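See below for the structure under consideration.
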Amino acid sequence: MAHSARRDSPELPDFSILKRLARDQLIYLLEQQHEVDKLYKVEHKPVISTSDQLCFLIRPRIQTVKWICDVVNADKVPGKSRRYKIIFTPQKFYACEAVLEEQGIFGDVTIDEWPFYLLPLDDDIISLELPEFFQDNFLAGDQRWVRTAGSALHLLYSLYGPFSKVYGIGRCSKMAYESWREQVEEGEQKARQAEIGNVFLIDRDVDFVTPLCSQVVYEGLVDDIFRIKCGCVEFGPDVTSSDKSVKVMLNSQDKVFSEIRNEHFSNVFGFLSQKARNLQTAYDKRRGMDIKQMKAFVSEELKGLKQEHRLLSLHIGASESIMKKKTKQDFQELLKTEHLLLEGFEIRECISYIEEHINRQVSMVESLRLLCLLSITENGLLPKDYRSLKAQYLQSYGVDHLLTFSNLRQLGLLVEQQPGETLTVMESKVGKLVNDKTAGKLTDAFSSLAKKSNFRALSRKLNLVPKMDEEYDLRVPRDMAYIFSGAYIPLSCKLIEQVLERDGWMGLEEVTRLLNGHEFAVTVDSKGKNDTQRIILVMFLGGCTYSEISALRFLGREKGYKFIVVTTAITNSSRLLEALLGNHV
Amino acid sequence: MIKSKVDEEDYWHSSKFKAFTFDDEDDELSRLKESRQAVNNIRRLVEEDDDEDDVEKVSWSGEPVGSISWSVKETAASSQRADREPAFPKISTVTPSISRSQSGYSLSSLFKGEDGHMTQIDRSLIMTLCKEVLFRELESRQTALRHFIHYLSETQNQRLLLELHRALGRAEDAALLQYKEHLSITDENKRRDFLKNCLSLPFSAEDLAHVQDHYTLLERQIIIEVTDRQAERGGKVEIFQKFPRKALILNMPLITTLYYCCFYHYAEPEGTFSSPLNIRQTFKISEKQYFVTALAARAKLKAWLDVDALFASRNWLGFTRKKSPLSFQRVVDILQKNSAPTHVLQDYVALVDDGELRLTLAQKHKCHNIVINTYRDMKDRQLLLGYRGKVVRGSVEERKIDDLLSNPQIRWKN
């Protein structure tokens with residue numbers, strides 16, 4: 001069912017070396033350097049132990065450092081003397097050291113670093129596992145992780161480079177590039193055979209629309225509903241049809257999963273039932289077998305069949321669970337509203353829908369997601385709508401969300417239209433009365449009068465919303481829009497497609513202007529081999545969704561590229577918005 | 001208190017606290033050696049060099065006019081590097097130079113640091129600076145300011161953060177920050193008093209109204225909670241016995257409180273604090289919102305008469321007809337989710353305007369009469385015949401279908 005790749009598609013480099021390196025570094029650090037023999041998970045509770053040394057392996061988070069200070073100070077009370085070690089990963093921050101100093105324990109601890117940057121989640125996905133990158137960089141405007149991103153890029157460069165070209169868009173991307181460039185200049189350059197050709201860096205805030213849309217490809221749905229962590233997911237009793245939960249790794253090793261992961265959900269059931277039928281046929285083969293054949297069957301085939309059976313029932317269970325949940329949530333109607341927002345039609349109806357969603361207290365995060373989607377597609381809400389919807393949201397979910405709204409406004413995710421932008425409303429009203437072509441002409445006529453909605457303009461320039469003349473066949477997708485049922489091509493992936501096609505940003509000046517610039521294209525090493533040129537590393541700074549990964553895989557198959565997705569973390573609408581909630585201590 | 005070794009072993013080995021030990025199967029020394037070499041190489045590449053103070057770090061302010069680069073040293077260093085042949089290209093951009101005022105230089109160096117973060121030594125220097133001077137300098141350095149604010153919030157230095165916001169004229173940010181502290185107050189009376197004090201903070205007019213509502217609501221919730229807890233314990237008020245409360249009403253959002261009152265205090269006169277009508281009036285809840293909430297609460301209690309009464313409206317001729325701020329389709333949806341019986345659903349399905357939709361809903365919820373009547377009106381014999389199989393054998397509906405089918409006066413179209 002996975003569409004066959006072009007025969008001339010290049011092979012992906014082997015990323016298992018990243019895992020081995022990281023593990024060896026850690027083992028060396030813990031065993032040789034710090035004599036650790038047992039690992040426990042940090043739980044922010046008092047530590048009870050008679051060991052004469054405590055070693056903490058942590059992310060450089062102030063809360064965690066404070067907890068460690070509490071532990072150390074608690075020991076001091078009864079006069080306990082121990083050695084304390086803190087290993088920061090991937091690096092320490094001075095803010096953490098400052099806290100140690102303020103709490104008076106700086107002299108009691110030894111500090112070390114474990115430069116672990118990259119975790120391969122699959123053959124073509126590598127994660128920095130830094131979800132905090134998003135809020136630190138984009139909400140707080142704190143550039144602390146820029147060098148980390150540069151270091152990650154540098155590690156990839158030293159193992160799989162040299163890169164031929166680096167393209168990018170976004171302020172953080174630029175800074176990460178610069179940081180990497182400096183690190184290259186500081187170090188030695190060994191001549192080696194490149195395994196990665198081109199690199200594309202992109203900031204999450206270049207495209208907020210895509211992560212806010214509901215996902216409908218299988219892997220995206222599993223993430224939205226069950227939450228995949230580090231490539232692992234936990235399926236509960238309703239999926240396993242037993243009283244136990246089970247934790248599984250979801251990657252290309254799972255033969256069933258690898259065939260359905262990128263598929264639109266509507267195709268998944270059909271595929272799974274066919275597979276189940278095939279499996280049954282294979283099992284049935286054993287009837288009418290003689291002893292010799294049976295022996296062969298058991299030793300060679302049975303294990304594989306059993307494995308497949310297990311995976312199949314798991315994914316069938318998951319699909320059924322997804323169906324049930326989504327039907328209950330009136331998913332169809334929700335998607336319809338999202339599609340209308342993306343297209344820019346019937347906005348008033350969409351606002352009514354969102355209002356009702358809030359009134360019925362359906363879901364705090366979902367309501368917020370819809371509000372943000374409305375805001376970014378419409379370039380802000382009308383002041384009266386903003387006031388009214390905000391008031392209703394606070395009434396339904398609590399006034400403490402004043403803080404949430406403040407965060408969202410800062411990020412530009414949920415804002416009021418400034419005077420002079422109300423043209424969009426007129427545009428959409430007029431657009432309703434006439435057909436598409438005329439609306440376009442009218443829009444152009446108005447354009448000189450006021451600032452247009454950036455998303456709408458981008459959508460038009462890049463054809464992100466395909467024309468629905470005929471039925472969009474999801475079984476044989478014709479473009480990346482299939483990941484959203486044919487309604488919308490993800491902006492981030494479209495940009496990547498266009499820049500690769502044009503080998504730069506020529507002809508995309510208007511687009512980059514609408515995206516606030518910060519685009520770049522640099523030739524690093526002009527000697528790159530042709531084959532390697534088609535292996536492209538895309539680095540998302542601030543997170544990337546499974547839907548975007550599926551879209552890039554599709555693009556790769558179409559154009560003969562192989563994409564490697566590097567991301568600071570896997571994200572989706574829930575994670576993105578949860579990082580911005582202000583209603584907790 | 002000294003725990004015995006056995007206790008400790010139990011503690012560590014009980015299922016909650018499972019340790020991970022390094023039972024590495026492929027722990028070959030040679031591989032480790034090889035990897036260690038690689039490790040060391042990489043460590044050299046990524047290690048921070050503390051003494052390299054003069055290596056300038058990234059400074060993409062990306063800001064329009066008025067943006068800054070970090071320090072004079074940096075500008076000097078960048079011109080130095082321009083002489084050396086770069087390994088590969090820098091991204092060409094405009095880097096505006098700062099005005100080299102004397103005080104600006106020395107203070108600037110305090111804000112330089114890796115990734116824009118302040119160095120340890122510099123931080124203590126910064127803290128000894130007169131706040132006035134510090135805040136003034138920060139104002140013109142947007143990135144340093146953001147880093148500093150982030151640092152203060154992470155270390156929960158509320159006091160200084162508030163002063164900073166105020167000094168920079170960010171009144172609303174200061175107000176929100178102070179308001180946020182209510183989340184750490186667990187005692188509801190103390191929280192209520194705190195919220196009351198928040199009313200004097202420099203919120204925007206709109207936000208002030210919200211905080212006012214927050215205070216008024218909590219005040220009210222405290223009173224309701226006390227009364228209801230007593231009623232519950234007393235054992236005499238039926239509804240609390242039949243539907244025991246699952247949580248306190250304290251600190252719940254307004255709509256949740258409204259739902260609660262529609263559930264437990266529906267019939268109360270408007271004068272009481274827990275009367276839903278009183279809440280509606282005090283907080284200016286819209287008709288639609290009130291309707292949605294009351295509908296859900298009464299449906300949950302299966303109080304179909306109350307549900308019905310929500311729709312009643314008299315027009316000027318004195319006739320009553322059902323009016324709904326919500327589409328009837330949505331109403332049916334809510335009722336069905338609360339397990340409304342068919343005869344109740346039927347009444348509302350019948351009120352759906354759109355014929356096709358009405359039919360679909362009727363079929364979905366087995367409102368046989370509506371389906372039968374619709375097919376009769378459509379004069380579609382085939383559909384009626386087909387539907388006969390879906391009703392219960394021997395039922396009233398079956399007889400009705402039979403009667404219609406055998407009625408000679410109906411001119412069936414098929």
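Letters A, B, ... mark the chains of the structure tokens in the order given; residue numbers begin at 1 per chain; ligand numbers begin at 1, in order shown.
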Test item, helix (DSSP H, G or I) assignment across stretch 99-340 of chain B, answer as a count of residues only: 164
Pairwise distance for atom CA of A:Asn572 and atom CA of A:Phe554, rounded to one decimal in Å: 19.4 Å
Per-residue nearest contacts chain A to chain B, cut-off 6 Å, using only C-alpha atoms, as JSON lines:
{"residue": "A:Lys38", "atom": "CA", "partner": "B:Thr21", "partner_atom": "CA", "distance": 5.2}
{"residue": "A:Leu39", "atom": "CA", "partner": "B:Phe20", "partner_atom": "CA", "distance": 5.1}
{"residue": "A:Tyr40", "atom": "CA", "partner": "B:Ala19", "partner_atom": "CA", "distance": 5.4}
{"residue": "A:Gly141", "atom": "CA", "partner": "B:Arg146", "partner_atom": "CA", "distance": 5.8}
{"residue": "A:Asp142", "atom": "CA", "partner": "B:His147", "partner_atom": "CA", "distance": 5.2}
{"residue": "A:Gln143", "atom": "CA", "partner": "B:Asp115", "partner_atom": "CA", "distance": 6.0}
{"residue": "A:Arg144", "atom": "CA", "partner": "B:Asp115", "partner_atom": "CA", "distance": 5.3}
{"residue": "A:Gly187", "atom": "CA", "partner": "B:Leu45", "partner_atom": "CA", "distance": 5.9}
{"residue": "A:Asn359", "atom": "CA", "partner": "B:Gln289", "partner_atom": "CA", "distance": 5.8}
{"residue": "A:Gln395", "atom": "CA", "partner": "B:Leu254", "partner_atom": "CA", "distance": 5.1}
{"residue": "A:Ser396", "atom": "CA", "partner": "B:Ile255", "partner_atom": "CA", "distance": 5.1}
{"residue": "A:Tyr397", "atom": "CA", "partner": "B:Pro253", "partner_atom": "CA", "distance": 5.4}
{"residue": "A:Gly398", "atom": "CA", "partner": "B:Pro253", "partner_atom": "CA", "distance": 4.4}
{"residue": "A:Val524", "atom": "CA", "partner": "B:Phe88", "partner_atom": "CA", "distance": 5.6}
{"residue": "A:Val585", "atom": "CA", "partner": "B:Leu183", "partner_atom": "CA", "distance": 5.9}
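Going from atom CA of B:Arg399 to atom CA of B:Arg411 covers 19.3 Å.
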Contacts of A:Ser388 at 12 Å (only C-alpha atoms; same-chain gap of 3+ positions) as a list in words: Ile351, Ser352, Ile354, Glu355, Ile358, Asn359, Leu371, Leu381, Leu382, Pro383, Lys384, Asp385, Ala391, Gln392, Tyr393, Leu394, Gln395 and Glu416 of chain A; Glu206, His210, Ile285 and Ser286 of chain B
Exercise: stretch 507-520 of chain A partners within 9 Å, only C-alpha atoms, chain neighbours under 6 positions left out, as a VMD selection string: (chain A and resid 166 to 171 173 to 174 206 to 207 454 to 455 457 to 458 461 to 462 498 to 499) or (chain B and resid 62 91 to 92)
Write a file of the just-selected residues containing C-alpha atoms, as a PDB file, in the first residue's frame.
ATOM      1  CA  VAL A 166      21.988  25.160   2.998  1.00  0.00           C
ATOM      2  CA  TYR A 167      18.631  26.855   2.527  1.00  0.00           C
ATOM      3  CA  GLY A 168      16.527  28.294   5.277  1.00  0.00           C
ATOM      4  CA  ILE A 169      13.874  30.672   6.454  1.00  0.00           C
ATOM      5  CA  GLY A 170      13.328  32.202   9.861  1.00  0.00           C
ATOM      6  CA  ARG A 171      15.323  34.132  12.397  1.00  0.00           C
ATOM      7  CA  SER A 173      17.268  29.182  11.402  1.00  0.00           C
ATOM      8  CA  LYS A 174      19.631  31.939  10.461  1.00  0.00           C
ATOM      9  CA  VAL A 206       6.989  30.436   9.629  1.00  0.00           C
ATOM     10  CA  ASP A 207       3.992  28.117   9.495  1.00  0.00           C
ATOM     11  CA  ASN A 454      -0.982  37.033   4.975  1.00  0.00           C
ATOM     12  CA  PHE A 455      -2.239  33.473   5.097  1.00  0.00           C
ATOM     13  CA  ALA A 457      -2.289  35.834   0.253  1.00  0.00           C
ATOM     14  CA  LEU A 458       0.271  33.072   0.805  1.00  0.00           C
ATOM     15  CA  LYS A 461       0.386  32.655  -4.241  1.00  0.00           C
ATOM     16  CA  LEU A 462       1.407  29.103  -3.452  1.00  0.00           C
ATOM     17  CA  GLN A 498       9.527  25.294  -4.174  1.00  0.00           C
ATOM     18  CA  VAL A 499      12.970  26.223  -2.898  1.00  0.00           C
TER      19      VAL A 499
ATOM     20  CA  GLY B  62      16.775  41.023  13.143  1.00  0.00           C
ATOM     21  CA  ILE B  91      24.671  35.142   5.245  1.00  0.00           C
ATOM     22  CA  SER B  92      24.786  38.686   3.957  1.00  0.00           C
TER      23      SER B  92
END
A:Leu414 environment, 12 Å, only C-alpha atoms, sequence neighbours closer than 3 positions dropped, as an MDAnalysis selection string: chainID A and resid 208:209 368:383 385:387 389:390 404:411 417 577 580
Selection above as a file: C-alpha atoms, as a PDB file, in the first residue's frame:
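Listing of selection-v5.pdb after writing:
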ATOM      1  CA  PHE A 208       1.654  27.934  12.475  1.00  0.00           C
ATOM      2  CA  VAL A 209      -1.353  26.864  10.438  1.00  0.00           C
ATOM      3  CA  LEU A 368      -8.322  27.346  21.812  1.00  0.00           C
ATOM      4  CA  ARG A 369      -6.995  25.577  18.755  1.00  0.00           C
ATOM      5  CA  LEU A 370     -10.021  26.623  16.732  1.00  0.00           C
ATOM      6  CA  LEU A 371      -9.729  30.208  17.923  1.00  0.00           C
ATOM      7  CA  CYS A 372      -6.075  30.311  16.891  1.00  0.00           C
ATOM      8  CA  LEU A 373      -6.809  28.747  13.520  1.00  0.00           C
ATOM      9  CA  LEU A 374      -9.476  31.366  12.946  1.00  0.00           C
ATOM     10  CA  SER A 375      -7.102  34.123  13.928  1.00  0.00           C
ATOM     11  CA  ILE A 376      -4.134  33.100  11.796  1.00  0.00           C
ATOM     12  CA  THR A 377      -6.154  32.312   8.705  1.00  0.00           C
ATOM     13  CA  GLU A 378      -8.087  35.554   8.968  1.00  0.00           C
ATOM     14  CA  ASN A 379      -5.127  37.673  10.028  1.00  0.00           C
ATOM     15  CA  GLY A 380      -6.694  38.385  13.373  1.00  0.00           C
ATOM     16  CA  LEU A 381     -10.207  38.560  14.730  1.00  0.00           C
ATOM     17  CA  LEU A 382     -12.489  41.553  14.432  1.00  0.00           C
ATOM     18  CA  PRO A 383     -12.293  43.467  17.701  1.00  0.00           C
ATOM     19  CA  ASP A 385     -15.367  38.987  17.846  1.00  0.00           C
ATOM     20  CA  TYR A 386     -12.131  38.927  19.811  1.00  0.00           C
ATOM     21  CA  ARG A 387     -13.781  40.502  22.842  1.00  0.00           C
ATOM     22  CA  LEU A 389     -15.051  35.008  22.086  1.00  0.00           C
ATOM     23  CA  LYS A 390     -12.429  35.781  24.721  1.00  0.00           C
ATOM     24  CA  THR A 404      -3.066  32.155  28.159  1.00  0.00           C
ATOM     25  CA  PHE A 405      -4.564  34.864  25.965  1.00  0.00           C
ATOM     26  CA  SER A 406      -1.645  37.125  26.778  1.00  0.00           C
ATOM     27  CA  ASN A 407       0.817  34.437  25.655  1.00  0.00           C
ATOM     28  CA  LEU A 408      -1.095  33.750  22.467  1.00  0.00           C
ATOM     29  CA  ARG A 409      -1.250  37.414  21.641  1.00  0.00           C
ATOM     30  CA  GLN A 410       2.468  37.735  22.118  1.00  0.00           C
ATOM     31  CA  LEU A 411       3.111  34.893  19.705  1.00  0.00           C
ATOM     32  CA  GLN A 417      -7.208  42.910  13.787  1.00  0.00           C
ATOM     33  CA  LEU A 577      -0.957  24.925  22.847  1.00  0.00           C
ATOM     34  CA  LEU A 580       1.307  28.254  25.959  1.00  0.00           C
TER      35      LEU A 580
END
Near-stretch 366-376 of chain B list (8 Å; only C-alpha atoms; drop same-chain fewer than 4 positions) as a PyMOL selection string: chain B and resi 342-343+345-346+350+359+362+380-381+383-384+387+391+397+401+404
Secondary structure check, strand (DSSP E or B) residues of stretch 43-148 of chain A, as a PyMOL selection string: chain A and resi 53-58+83-88+109-113+119-122+125-127
d(atom CA of B:Arg159, atom CA of A:Val71) in Å: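 Distance between the two atoms: 25.5 Å.
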B:Cys261, B:Leu217, B:Leu208, B:Leu357 ranked by distance to B:Arg192, top pick (using only C-alpha atoms):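 Of B:Cys261, B:Leu217, B:Leu208, B:Leu357, the one nearest B:Arg192, counting only C-alpha atoms, is B:Leu217.
Each of B:Leu164, B:Gly169, B:Ala175, B:Ala340 was compared to B:Leu138 using only C-alpha atoms, and B:Leu164 turns out to be the nearest.
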Nearest-residue call for B:Thr227, choices B:Phe243, B:Ile249, B:Trp304, B:Gln409, using only C-alpha atoms: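 Closest to B:Thr227 of all the choices is B:Ile249.
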For stretch 112-114 of chain A, work out the shell of residues within 12 Å, counting only C-alpha atoms and skipping chain neighbours fewer than 6 positions away, then give it as an mmCIF file with N, CA, C and O atoms, in the first residue's frame.
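Result file follows (selection36.cif):
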data_model
loop_
_atom_site.group_PDB
_atom_site.id
_atom_site.type_symbol
_atom_site.label_atom_id
_atom_site.label_comp_id
_atom_site.auth_asym_id
_atom_site.auth_seq_id
_atom_site.Cartn_x
_atom_site.Cartn_y
_atom_site.Cartn_z
ATOM 1 N N LEU A 21 27.155 6.177 19.562
ATOM 2 C CA LEU A 21 28.027 7.230 20.088
ATOM 3 C C LEU A 21 27.488 7.791 21.388
ATOM 4 O O LEU A 21 28.204 7.909 22.385
ATOM 5 N N ALA A 22 26.202 8.144 21.368
ATOM 6 C CA ALA A 22 25.595 8.745 22.550
ATOM 7 C C ALA A 22 25.662 7.794 23.724
ATOM 8 O O ALA A 22 26.016 8.176 24.842
ATOM 9 N N ARG A 23 25.334 6.544 23.453
ATOM 10 C CA ARG A 23 25.324 5.565 24.531
ATOM 11 C C ARG A 23 26.713 5.353 25.090
ATOM 12 O O ARG A 23 26.912 5.305 26.298
ATOM 13 N N ASP A 24 27.676 5.254 24.199
ATOM 14 C CA ASP A 24 29.058 5.054 24.661
ATOM 15 C C ASP A 24 29.545 6.244 25.475
ATOM 16 O O ASP A 24 30.212 6.081 26.498
ATOM 17 N N GLN A 25 29.197 7.434 25.020
ATOM 18 C CA GLN A 25 29.562 8.637 25.781
ATOM 19 C C GLN A 25 28.987 8.560 27.184
ATOM 20 O O GLN A 25 29.658 8.846 28.175
ATOM 21 N N LEU A 26 27.717 8.193 27.247
ATOM 22 C CA LEU A 26 27.026 8.171 28.540
ATOM 23 C C LEU A 26 27.622 7.122 29.462
ATOM 24 O O LEU A 26 27.890 7.381 30.631
ATOM 25 N N ILE A 27 27.838 5.932 28.889
ATOM 26 C CA ILE A 27 28.402 4.856 29.707
ATOM 27 C C ILE A 27 29.769 5.276 30.236
ATOM 28 O O ILE A 27 30.083 5.085 31.411
ATOM 29 N N TYR A 28 30.538 5.865 29.371
ATOM 30 C CA TYR A 28 31.867 6.318 29.791
ATOM 31 C C TYR A 28 31.756 7.321 30.933
ATOM 32 O O TYR A 28 32.413 7.214 31.953
ATOM 33 N N LEU A 29 30.874 8.304 30.737
ATOM 34 C CA LEU A 29 30.667 9.324 31.754
ATOM 35 C C LEU A 29 30.234 8.718 33.078
ATOM 36 O O LEU A 29 30.785 9.009 34.125
ATOM 37 N N LEU A 30 29.235 7.868 33.010
ATOM 38 C CA LEU A 30 28.661 7.367 34.241
ATOM 39 C C LEU A 30 29.563 6.349 34.931
ATOM 40 O O LEU A 30 29.766 6.410 36.129
ATOM 41 N N GLN A 33 33.874 7.967 34.630
ATOM 42 C CA GLN A 33 34.087 9.273 35.242
ATOM 43 C C GLN A 33 33.452 9.398 36.617
ATOM 44 O O GLN A 33 34.032 9.921 37.544
ATOM 45 N N HIS A 34 32.212 8.937 36.705
ATOM 46 C CA HIS A 34 31.472 9.263 37.913
ATOM 47 C C HIS A 34 31.051 8.062 38.738
ATOM 48 O O HIS A 34 30.321 8.215 39.716
ATOM 49 N N CYS A 55 24.358 11.233 41.860
ATOM 50 C CA CYS A 55 24.675 11.834 40.573
ATOM 51 C C CYS A 55 23.365 12.115 39.846
ATOM 52 O O CYS A 55 22.477 11.265 39.789
ATOM 53 N N PHE A 56 23.209 13.292 39.312
ATOM 54 C CA PHE A 56 21.980 13.671 38.627
ATOM 55 C C PHE A 56 22.255 13.925 37.153
ATOM 56 O O PHE A 56 23.095 14.755 36.812
ATOM 57 N N LEU A 57 21.524 13.228 36.315
ATOM 58 C CA LEU A 57 21.653 13.423 34.875
ATOM 59 C C LEU A 57 20.391 14.138 34.419
ATOM 60 O O LEU A 57 19.300 13.572 34.446
ATOM 61 N N ILE A 58 20.520 15.410 34.055
ATOM 62 C CA ILE A 58 19.304 16.204 33.829
ATOM 63 C C ILE A 58 19.419 17.143 32.635
ATOM 64 O O ILE A 58 20.510 17.469 32.182
ATOM 65 N N ARG A 59 18.226 17.588 32.205
ATOM 66 C CA ARG A 59 18.171 18.696 31.256
ATOM 67 C C ARG A 59 18.444 19.962 32.078
ATOM 68 O O ARG A 59 18.116 20.013 33.258
ATOM 69 N N PRO A 60 19.009 20.993 31.438
ATOM 70 C CA PRO A 60 19.328 22.209 32.194
ATOM 71 C C PRO A 60 18.089 23.044 32.524
ATOM 72 O O PRO A 60 17.939 24.175 32.060
ATOM 73 N N TYR A 84 28.209 15.053 45.344
ATOM 74 C CA TYR A 84 27.093 15.304 44.433
ATOM 75 C C TYR A 84 27.633 15.624 43.063
ATOM 76 O O TYR A 84 28.564 16.421 42.917
ATOM 77 N N LYS A 85 27.011 15.032 42.084
ATOM 78 C CA LYS A 85 27.424 15.335 40.719
ATOM 79 C C LYS A 85 26.198 15.648 39.888
ATOM 80 O O LYS A 85 25.163 15.008 40.025
ATOM 81 N N ILE A 86 26.349 16.639 39.051
ATOM 82 C CA ILE A 86 25.272 16.948 38.114
ATOM 83 C C ILE A 86 25.824 16.861 36.702
ATOM 84 O O ILE A 86 26.820 17.509 36.386
ATOM 85 N N ILE A 87 25.164 16.026 35.904
ATOM 86 C CA ILE A 87 25.532 15.951 34.489
ATOM 87 C C ILE A 87 24.407 16.601 33.702
ATOM 88 O O ILE A 87 23.276 16.109 33.692
ATOM 89 N N PHE A 88 24.705 17.717 33.074
ATOM 90 C CA PHE A 88 23.708 18.400 32.258
ATOM 91 C C PHE A 88 23.768 17.856 30.830
ATOM 92 O O PHE A 88 24.832 17.611 30.296
ATOM 93 N N THR A 89 22.592 17.696 30.252
ATOM 94 C CA THR A 89 22.566 17.265 28.864
ATOM 95 C C THR A 89 21.554 18.066 28.064
ATOM 96 O O THR A 89 20.437 18.276 28.526
ATOM 97 N N PRO A 90 21.842 18.559 26.871
ATOM 98 C CA PRO A 90 23.130 18.417 26.212
ATOM 99 C C PRO A 90 24.212 19.344 26.746
ATOM 100 O O PRO A 90 25.383 19.167 26.446
ATOM 101 N N GLN A 91 23.821 20.334 27.505
ATOM 102 C CA GLN A 91 24.831 21.270 28.001
ATOM 103 C C GLN A 91 24.280 21.984 29.224
ATOM 104 O O GLN A 91 23.083 21.983 29.479
ATOM 105 N N LYS A 92 25.167 22.605 29.977
ATOM 106 C CA LYS A 92 24.696 23.386 31.112
ATOM 107 C C LYS A 92 24.417 24.805 30.637
ATOM 108 O O LYS A 92 24.935 25.261 29.633
ATOM 109 N N PHE A 93 23.597 25.483 31.376
ATOM 110 C CA PHE A 93 23.378 26.900 31.141
ATOM 111 C C PHE A 93 23.838 27.665 32.364
ATOM 112 O O PHE A 93 23.685 27.194 33.488
ATOM 113 N N GLU A 97 23.788 27.355 36.866
ATOM 114 C CA GLU A 97 24.895 27.544 37.809
ATOM 115 C C GLU A 97 24.601 28.681 38.764
ATOM 116 O O GLU A 97 24.932 28.627 39.953
ATOM 117 N N VAL B 39 34.106 9.870 20.590
ATOM 118 C CA VAL B 39 33.516 10.737 21.609
ATOM 119 C C VAL B 39 34.404 11.936 21.862
ATOM 120 O O VAL B 39 33.963 13.072 21.884
ATOM 121 N N ASN B 40 35.678 11.655 22.040
ATOM 122 C CA ASN B 40 36.589 12.759 22.338
ATOM 123 C C ASN B 40 36.653 13.753 21.203
ATOM 124 O O ASN B 40 36.714 14.951 21.429
ATOM 125 N N ILE B 42 34.315 14.433 19.109
ATOM 126 C CA ILE B 42 33.100 15.224 19.090
ATOM 127 C C ILE B 42 33.093 16.208 20.246
ATOM 128 O O ILE B 42 32.689 17.337 20.107
ATOM 129 N N ARG B 43 33.575 15.735 21.384
ATOM 130 C CA ARG B 43 33.567 16.630 22.537
ATOM 131 C C ARG B 43 34.367 17.872 22.246
ATOM 132 O O ARG B 43 34.020 18.962 22.625
ATOM 133 N N VAL B 46 32.216 20.306 20.272
ATOM 134 C CA VAL B 46 31.039 20.955 20.863
ATOM 135 C C VAL B 46 31.270 21.523 22.249
ATOM 136 O O VAL B 46 30.427 22.202 22.785
ATOM 137 N N GLU B 47 32.404 21.260 22.845
ATOM 138 C CA GLU B 47 32.659 21.750 24.202
ATOM 139 C C GLU B 47 32.707 23.259 24.230
ATOM 140 O O GLU B 47 33.230 23.901 23.331
ATOM 141 N N GLU B 48 32.184 23.836 25.285
ATOM 142 C CA GLU B 48 32.300 25.286 25.444
ATOM 143 C C GLU B 48 33.656 25.623 26.004
ATOM 144 O O GLU B 48 34.132 25.008 26.930
#
